[in-house]
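Working notes, beginning with the structure itself.
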Amino acid sequence: MKSNRHNLEDLWAMDRTGVEIFRDTMSIQRFKFLLRCLRFDDSTSRETRKAVDKLVPIRDIFESFRQNCMQHYSLTEFVTIDETLGFRGRCSFRQYMPNKLANYGLELFGTVNAKTFYTSNLEVYVGQKPAGPYQQSSKARISLFA
């Protein structure tokens, strides 16, 4: 829908300028309530965990997604490594990639089935990681195939 930069009230507008599927799915009050209540992270301990992991606000849900992808799919011989995701939002590890169609984005490295486009394993490049359990070499991506 390319509606990520629109005002919420404009998306739910009743004067034919809003997006009908949003109004049909739920009210704007319900959406705002869910947005306020939805949290993936414990903000009280985030700062101490951020010292060892830059992906700390979404680490739990990211690891759960990654484990489910690896557990429920076996790769065939048609495997490739995909690597970027266009993103212009605020993020400390957003990359500038002048040779890509989307100049700004997140650098994701994933083993993907080339025929079905199913992701089996995924790694987010967050820049230089501090020493700790999530530190990996940024030079070799061999860990994706393990």
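Letters A, B, ... go to the chains of the structure tokens in the order shown; residues in each chain start at 1; ligands are counted from 1 in the same order.
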
Considering only C-alpha atoms, return as a ChimeraX atom specification whatever protein or nucleic-acid residues lie within 9 Å of Val79 (chain A), sequence-local ones (same chain, fewer than 6 positions apart) excluded.
/A:111-115

Those residues with C-alpha atoms, as a PDB file, in the first residue's frame please?
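And here is the file that came out, again.pdb:
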```pdb
ATOM      1  CA  THR A 111      20.206 -18.621   2.785  1.00  0.00           C
ATOM      2  CA  VAL A 112      17.220 -18.762   0.481  1.00  0.00           C
ATOM      3  CA  ASN A 113      15.800 -21.438  -1.810  1.00  0.00           C
ATOM      4  CA  ALA A 114      16.196 -19.964  -5.307  1.00  0.00           C
ATOM      5  CA  LYS A 115      13.019 -21.615  -6.643  1.00  0.00           C
TER       6      LYS A 115
END
```

Near Leu122 (chain A), within 7 Å and counting only C-alpha atoms, which residues show up once chain neighbours fewer than 2 positions away are dropped, as number ranges by chain?
A: 66, 108-111, 120, 124

Suppose we keep C-alpha atoms; can you now write the selection as a PDB file, in the first residue's frame?
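The resulting file, result_32.pdb, is reproduced below:
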```pdb
ATOM      1  CA  ARG A  66      14.947 -17.795  12.442  1.00  0.00           C
ATOM      2  CA  LEU A 108      20.505  -9.033   5.845  1.00  0.00           C
ATOM      3  CA  PHE A 109      22.258 -12.192   4.782  1.00  0.00           C
ATOM      4  CA  GLY A 110      20.012 -15.177   4.313  1.00  0.00           C
ATOM      5  CA  THR A 111      20.206 -18.621   2.785  1.00  0.00           C
ATOM      6  CA  SER A 120      16.115 -20.983   5.750  1.00  0.00           C
ATOM      7  CA  VAL A 124      21.384  -9.181  10.308  1.00  0.00           C
TER       8      VAL A 124
END
```

Could you pull out the strand (DSSP E) residues of region 3-98 of chain A, going by DSSP on the backbone, and write them as a short mmCIF file (atom, residue, chain, number, x, y, z; two decimals) with C-alpha atoms, in the first residue's frame?
```
data_model
loop_
_atom_site.label_atom_id
_atom_site.label_comp_id
_atom_site.auth_asym_id
_atom_site.auth_seq_id
_atom_site.Cartn_x
_atom_site.Cartn_y
_atom_site.Cartn_z
CA VAL A 79 20.35 -22.23 -2.66
CA THR A 80 21.42 -18.63 -2.90
CA ILE A 81 22.42 -15.89 -0.49
CA ASP A 82 20.22 -12.80 -0.55
CA GLU A 83 21.59 -9.76 1.12
CA THR A 84 19.70 -6.46 1.39
CA LEU A 85 16.42 -4.94 2.45
CA GLY A 86 15.57 -1.35 1.54
CA GLN A 95 23.67 1.03 5.77
CA TYR A 96 24.33 3.32 2.82
#
```

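DSSP on the backbone gives alpha helix (DSSP H) for these parts of region 67-111 of chain A: Gln67, Asn68, Cys69, Met70 and Gln71 of chain A.
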
Keeping only N, CA and C atoms, write those residues as a PDB file, in the first residue's frame.
```pdb
ATOM      1  N   GLN A  67      14.720 -19.634  14.012  1.00  0.00           N
ATOM      2  CA  GLN A  67      14.696 -21.047  14.406  1.00  0.00           C
ATOM      3  C   GLN A  67      13.545 -21.793  13.727  1.00  0.00           C
ATOM      4  N   ASN A  68      12.381 -21.150  13.629  1.00  0.00           N
ATOM      5  CA  ASN A  68      11.244 -21.786  12.957  1.00  0.00           C
ATOM      6  C   ASN A  68      11.522 -21.993  11.474  1.00  0.00           C
ATOM      7  N   CYS A  69      12.170 -21.031  10.834  1.00  0.00           N
ATOM      8  CA  CYS A  69      12.521 -21.181   9.420  1.00  0.00           C
ATOM      9  C   CYS A  69      13.469 -22.358   9.225  1.00  0.00           C
ATOM     10  N   MET A  70      14.460 -22.485  10.098  1.00  0.00           N
ATOM     11  CA  MET A  70      15.437 -23.566   9.972  1.00  0.00           C
ATOM     12  C   MET A  70      14.820 -24.924  10.321  1.00  0.00           C
ATOM     13  N   GLN A  71      13.919 -24.949  11.265  1.00  0.00           N
ATOM     14  CA  GLN A  71      13.329 -26.201  11.732  1.00  0.00           C
ATOM     15  C   GLN A  71      12.327 -26.783  10.731  1.00  0.00           C
TER      16      GLN A  71
END
```

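Here the question is which of A:Glu107, A:Asp53, A:Glu9, A:Gly89 gets nearest to Lys32 (chain A) using only C-alpha atoms, and that residue is A:Glu9.
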
Got a sec: who's within 12 Å of Gln29 (chain A), counting only C-alpha atoms, leaving out chain neighbours fewer than 6 positions off, as an MDAnalysis selection string?
chainID A and resid 8:9 12 22:23 35:36

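Reported to one decimal place, the separation of CA of Phe93 (chain A) from CA of Val126 (chain A) is 4.9 Å.
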
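The space separating CA of Phe40 (chain A) from CA of Glu123 (chain A) comes to 18.5 Å.
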
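If only C-alpha atoms are the atoms counted, then among A:Ile61, A:Asn7, A:Asn103, A:Arg90 the closest residue to Val19 (chain A) is A:Asn7.
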
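The closest residue to Leu55 (chain A), picked from A:Asp41, A:Glu77, A:Asn4, A:Thr17 and counting only C-alpha atoms, is A:Asp41.
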
Can you pull out every residue within 7 Å of Arg94 (chain A), counting only C-alpha atoms, but drop anything in the same chain fewer than 2 positions away, and send it as a PyMOL selection string?
chain A and resi 91-92+96+104-106

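Note that the spacing between CA of Cys37 (chain A) and CA of Asp60 (chain A) amounts to 17.1 Å.
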